[in-house]
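Some notes on the structure that comes next.
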Amino acid sequence: MKIGVLTGGGDCPGLNPVIRAVVRASLKLGHETIGFRHGWKGVLENITMPLGREEVSGILHRGGTILGTSRTNVYKVENGEQQALETFEKNGLDALIPIGGEDTLGVAVKLAKAGVKLVGVPKTIDNDLMGTDFTFGFDTSVNVAMESIDRLHTTAESHSRVLVVEVMGRHAGWIAWYAGVAGGGDVILVPEHPFSVEDVCAQIQRRHDTGKSFSIVVVSEGAKVATEAATDEDGSYVLSSMKKDAFGHVMLGGVAKVLADEIEDRLGFETRHTVLGHIQRGGSPTAFDRVLGTRYGVRAAELVHEQRFGRMVALQGNKIVDIDINDISGAIKELDPDLYKVAEYFAD
Ligand code: F6P
């Protein structure tokens, strides 16, 4: 069989280990692989690259994706589906392995309905994809964020400041919670629990009343404020931009600054903010993400070999399983409420 591979949506550490594993396993199983560049854009424009043993050599430890990525949405382009089907036909493709998050795999779900034989691989640093316990990239992001919080701790303590650190997480607070708990954050704010600035200030004040001279607040970029500060038209996110991407998502960022200003004004404590941004998505994947990506890639190639299409590989417990790709769309995997309760024991 000839198998196409693409990576779509935001890049994340672990994509290259998946690509390498798909190629190596496919070759062993007697199949050929080619790459589409820049996600669905490469499919629409028929931009391909060879993807053999040579191309995937030495990429296991490299962040990003050798195929390139984009947020192009096939279904936002006139005749997009038709163009995609033509590209597959022209390349004599028998199967496709799209590696991506909710948006990229959402396109895959529609193409599968149009007859494309595919197996999806779940990816997002946000870890908010349904059907899988963990997506690769998440562990690396958490470790980057945790190390940053460790660094912020020492400077916050030296200067007796409050430091507000904004981490990624559009709809779910997985990164904020994991990095916040691992880094000893004093206040952790996640999208699943809208916060009030008043409560945050009260929490910091209580901590300072016990003799502490500094505090660390960890906030998800998608954290929602209950009533105050700058909110978007639905009164939900705290934003610095109203620009939207091709999947209609508002580009987030800005909650840390708004919150830091409020804390300083209300409490009089010197407060600074830090936005970690794309640093969380860059660089070398952790061992966990390399191994998870490798396991996903191998299983995706096996499923194609077994001609079991319309599936997505997933991690459930410590087992790699496969689920109906239709089951992932429409819902977000929110932060586990039991985890949230754990962090509450450490508030002030
Ligand atoms: O989907 C992963 C993610 O990193 C989110 O956490 C973040 O909101 C978004 O992508 C940022 O996307 P970009 O900067 O690539 O448009």
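By convention in this document, the chains of the structure tokens carry letters A, B, ... by their order, each chain's residues are numbered from 1, and ligands are numbered from 1 in the order they are shown.
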Subject >> Contacts of Phe288 (chain A) within 10 Å, only C-alpha atoms, excl. fewer than 6 positions in-chain, as JSON, numbers by chain >> reply: {"A": [14, 136, 137, 138, 139, 140, 294]}
Write a file of the selected residues as an mmCIF file, in the first residue's frame, keeping all heavy atoms.
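Full text of selection.cif as output:
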data_model
loop_
_atom_site.group_PDB
_atom_site.id
_atom_site.type_symbol
_atom_site.label_atom_id
_atom_site.label_comp_id
_atom_site.auth_asym_id
_atom_site.auth_seq_id
_atom_site.Cartn_x
_atom_site.Cartn_y
_atom_site.Cartn_z
ATOM 1 N N GLY A 14 7.195 15.604 19.737
ATOM 2 C CA GLY A 14 6.701 14.218 19.634
ATOM 3 C C GLY A 14 6.182 13.904 18.239
ATOM 4 O O GLY A 14 5.975 12.737 17.906
ATOM 5 N N PHE A 136 0.649 13.084 23.021
ATOM 6 C CA PHE A 136 2.078 13.417 23.127
ATOM 7 C C PHE A 136 2.244 14.938 22.955
ATOM 8 O O PHE A 136 1.400 15.598 22.361
ATOM 9 C CB PHE A 136 2.913 12.626 22.111
ATOM 10 C CG PHE A 136 2.523 12.911 20.691
ATOM 11 C CD1 PHE A 136 3.084 13.970 19.997
ATOM 12 C CD2 PHE A 136 1.566 12.142 20.063
ATOM 13 C CE1 PHE A 136 2.721 14.252 18.709
ATOM 14 C CE2 PHE A 136 1.179 12.417 18.763
ATOM 15 C CZ PHE A 136 1.748 13.483 18.090
ATOM 16 N N GLY A 137 3.313 15.453 23.528
ATOM 17 C CA GLY A 137 3.533 16.903 23.503
ATOM 18 C C GLY A 137 3.154 17.523 24.836
ATOM 19 O O GLY A 137 3.807 18.442 25.326
ATOM 20 N N PHE A 138 2.129 16.967 25.462
ATOM 21 C CA PHE A 138 1.654 17.490 26.743
ATOM 22 C C PHE A 138 2.743 17.380 27.809
ATOM 23 O O PHE A 138 3.043 18.342 28.513
ATOM 24 C CB PHE A 138 0.387 16.720 27.153
ATOM 25 C CG PHE A 138 -0.059 16.987 28.558
ATOM 26 C CD1 PHE A 138 -0.541 18.237 28.932
ATOM 27 C CD2 PHE A 138 0.002 15.986 29.532
ATOM 28 C CE1 PHE A 138 -0.944 18.486 30.243
ATOM 29 C CE2 PHE A 138 -0.399 16.228 30.825
ATOM 30 C CZ PHE A 138 -0.875 17.479 31.189
ATOM 31 N N ASP A 139 3.356 16.213 27.910
ATOM 32 C CA ASP A 139 4.363 16.004 28.962
ATOM 33 C C ASP A 139 5.541 16.976 28.800
ATOM 34 O O ASP A 139 6.027 17.536 29.777
ATOM 35 C CB ASP A 139 4.856 14.548 28.914
ATOM 36 C CG ASP A 139 5.803 14.239 30.055
ATOM 37 O OD1 ASP A 139 5.348 14.260 31.212
ATOM 38 O OD2 ASP A 139 6.997 14.015 29.799
ATOM 39 N N THR A 140 5.961 17.183 27.549
ATOM 40 C CA THR A 140 7.077 18.116 27.318
ATOM 41 C C THR A 140 6.661 19.524 27.742
ATOM 42 O O THR A 140 7.410 20.231 28.440
ATOM 43 C CB THR A 140 7.491 18.115 25.830
ATOM 44 O OG1 THR A 140 7.726 16.773 25.418
ATOM 45 C CG2 THR A 140 8.746 18.951 25.606
ATOM 46 N N THR A 294 6.077 7.086 19.501
ATOM 47 C CA THR A 294 6.540 5.876 18.816
ATOM 48 C C THR A 294 5.463 4.788 18.860
ATOM 49 O O THR A 294 5.163 4.139 17.853
ATOM 50 C CB THR A 294 7.855 5.371 19.459
ATOM 51 O OG1 THR A 294 8.841 6.415 19.324
ATOM 52 C CG2 THR A 294 8.368 4.101 18.805
#
Which residues are close to Pro285 (chain A), i.e. within 12 Å by only C-alpha atoms, leaving aside same-chain residues fewer than 5 positions away? Reply as a compact mmCIF listing (two decimals) with N, CA, C and O atoms, in the first residue's frame.
# COMPACT_ATOMS: atom_id res chain seq x y z
N ASP A 11 2.17 22.78 16.08
CA ASP A 11 3.19 21.72 16.19
C ASP A 11 3.33 21.33 17.66
O ASP A 11 2.84 22.04 18.54
N CYS A 12 3.98 20.23 17.92
CA CYS A 12 4.29 19.90 19.31
C CYS A 12 5.39 18.86 19.36
O CYS A 12 5.59 18.11 18.39
N PRO A 13 6.14 18.84 20.47
CA PRO A 13 7.22 17.87 20.58
C PRO A 13 6.64 16.46 20.57
O PRO A 13 5.70 16.17 21.30
N GLY A 14 7.19 15.60 19.74
CA GLY A 14 6.70 14.22 19.63
C GLY A 14 6.18 13.90 18.24
O GLY A 14 5.98 12.74 17.91
N LEU A 15 5.98 14.93 17.42
CA LEU A 15 5.49 14.67 16.05
C LEU A 15 6.52 13.86 15.26
O LEU A 15 6.16 12.91 14.56
N ASN A 16 7.78 14.26 15.37
CA ASN A 16 8.80 13.53 14.59
C ASN A 16 8.93 12.06 15.01
O ASN A 16 9.04 11.19 14.14
N PRO A 17 8.89 11.76 16.32
CA PRO A 17 8.87 10.34 16.70
C PRO A 17 7.69 9.57 16.08
O PRO A 17 7.85 8.41 15.71
N VAL A 18 6.51 10.22 15.96
CA VAL A 18 5.37 9.52 15.34
C VAL A 18 5.67 9.26 13.86
O VAL A 18 5.50 8.14 13.36
N ILE A 59 15.70 11.93 13.56
CA ILE A 59 14.67 12.93 13.92
C ILE A 59 13.96 12.64 15.25
O ILE A 59 13.16 13.44 15.71
N LEU A 60 14.30 11.49 15.86
CA LEU A 60 13.57 11.08 17.06
C LEU A 60 13.60 12.15 18.16
O LEU A 60 12.61 12.40 18.84
N HIS A 61 14.73 12.81 18.33
CA HIS A 61 14.88 13.76 19.43
C HIS A 61 14.52 15.19 19.02
O HIS A 61 14.59 16.09 19.85
N ARG A 62 14.16 15.37 17.76
CA ARG A 62 13.93 16.75 17.28
C ARG A 62 12.48 17.20 17.51
O ARG A 62 11.55 16.48 17.21
N GLY A 63 12.33 18.43 18.02
CA GLY A 63 10.99 19.00 18.20
C GLY A 63 10.39 19.36 16.84
O GLY A 63 11.00 19.14 15.79
N GLY A 64 9.18 19.91 16.85
CA GLY A 64 8.53 20.33 15.61
C GLY A 64 8.18 19.15 14.73
O GLY A 64 8.03 18.02 15.21
N THR A 65 8.05 19.40 13.43
CA THR A 65 7.70 18.34 12.50
C THR A 65 8.45 18.53 11.18
O THR A 65 8.42 19.63 10.61
N ILE A 125 -0.70 19.67 22.71
CA ILE A 125 -0.06 19.89 24.01
C ILE A 125 -1.12 20.13 25.08
O ILE A 125 -0.87 19.96 26.25
N PHE A 136 0.65 13.08 23.02
CA PHE A 136 2.08 13.42 23.13
C PHE A 136 2.24 14.94 22.96
O PHE A 136 1.40 15.60 22.36
N GLY A 137 3.31 15.45 23.53
CA GLY A 137 3.53 16.90 23.50
C GLY A 137 3.15 17.52 24.84
O GLY A 137 3.81 18.44 25.33
N PHE A 138 2.13 16.97 25.46
CA PHE A 138 1.65 17.49 26.74
C PHE A 138 2.74 17.38 27.81
O PHE A 138 3.04 18.34 28.51
N ASP A 139 3.36 16.21 27.91
CA ASP A 139 4.36 16.00 28.96
C ASP A 139 5.54 16.98 28.80
O ASP A 139 6.03 17.54 29.78
N THR A 140 5.96 17.18 27.55
CA THR A 140 7.08 18.12 27.32
C THR A 140 6.66 19.52 27.74
O THR A 140 7.41 20.23 28.44
N SER A 141 5.47 19.95 27.35
CA SER A 141 4.99 21.30 27.70
C SER A 141 4.93 21.49 29.20
O SER A 141 5.33 22.53 29.73
N VAL A 142 4.43 20.46 29.89
CA VAL A 142 4.32 20.55 31.35
C VAL A 142 5.71 20.71 31.96
O VAL A 142 5.92 21.51 32.87
N ASN A 143 6.67 19.95 31.45
CA ASN A 143 8.03 20.04 32.00
C ASN A 143 8.66 21.40 31.74
O ASN A 143 9.34 21.95 32.60
N VAL A 144 8.42 21.94 30.54
CA VAL A 144 8.94 23.28 30.23
C VAL A 144 8.29 24.31 31.18
O VAL A 144 8.97 25.16 31.77
N GLN A 280 6.61 26.67 25.20
CA GLN A 280 6.04 25.38 25.66
C GLN A 280 5.89 24.37 24.54
O GLN A 280 5.70 23.19 24.77
N ARG A 290 8.42 10.84 23.46
CA ARG A 290 9.08 10.06 22.38
C ARG A 290 8.51 8.65 22.35
O ARG A 290 8.25 8.08 21.28
N VAL A 291 8.32 8.07 23.55
CA VAL A 291 7.83 6.70 23.62
C VAL A 291 6.36 6.64 23.20
O VAL A 291 5.96 5.78 22.41
N LEU A 292 5.56 7.58 23.71
CA LEU A 292 4.14 7.59 23.34
C LEU A 292 3.97 7.79 21.83
O LEU A 292 3.19 7.09 21.18
N GLY A 293 4.72 8.75 21.28
CA GLY A 293 4.65 9.01 19.83
C GLY A 293 5.04 7.77 19.04
O GLY A 293 4.41 7.42 18.04
N THR A 294 6.08 7.09 19.50
CA THR A 294 6.54 5.88 18.82
C THR A 294 5.46 4.79 18.86
O THR A 294 5.16 4.14 17.85
Original post:
Counting only C-alpha atoms, which of A:Arg281, A:Ala287, A:Val321, A:Asn326 gets nearest to Val107 (chain A)?
Top reply: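 Of A:Arg281, A:Ala287, A:Val321, A:Asn326, the one nearest Val107 (chain A), counting only C-alpha atoms, is A:Asn326.
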Closest-contact table, chain A side, partner ligand 1, 6 Å, counting only C-alpha atoms and all ligand atoms, as CSV:
residue,atom,partner,partner_atom_place_in_ligand_line,distance
A:Gly10,CA,ligand 1,15 (O),4.5
A:Thr124,CA,ligand 1,2 (C),5.6
A:Ile125,CA,ligand 1,2 (C),5.6
A:Asp126,CA,ligand 1,6 (O),5.4
A:Met168,CA,ligand 1,6 (O),4.2
A:Gly169,CA,ligand 1,6 (O),4.2
A:Arg170,CA,ligand 1,8 (O),4.6
A:Leu252,CA,ligand 1,8 (O),6.0
**OP:** Once DSSP has gone over the backbone, tell me which residues of region 146-189 of chain A are in strand (DSSP E), as number ranges by chain.
**Re:** A: 162-167, 187-189
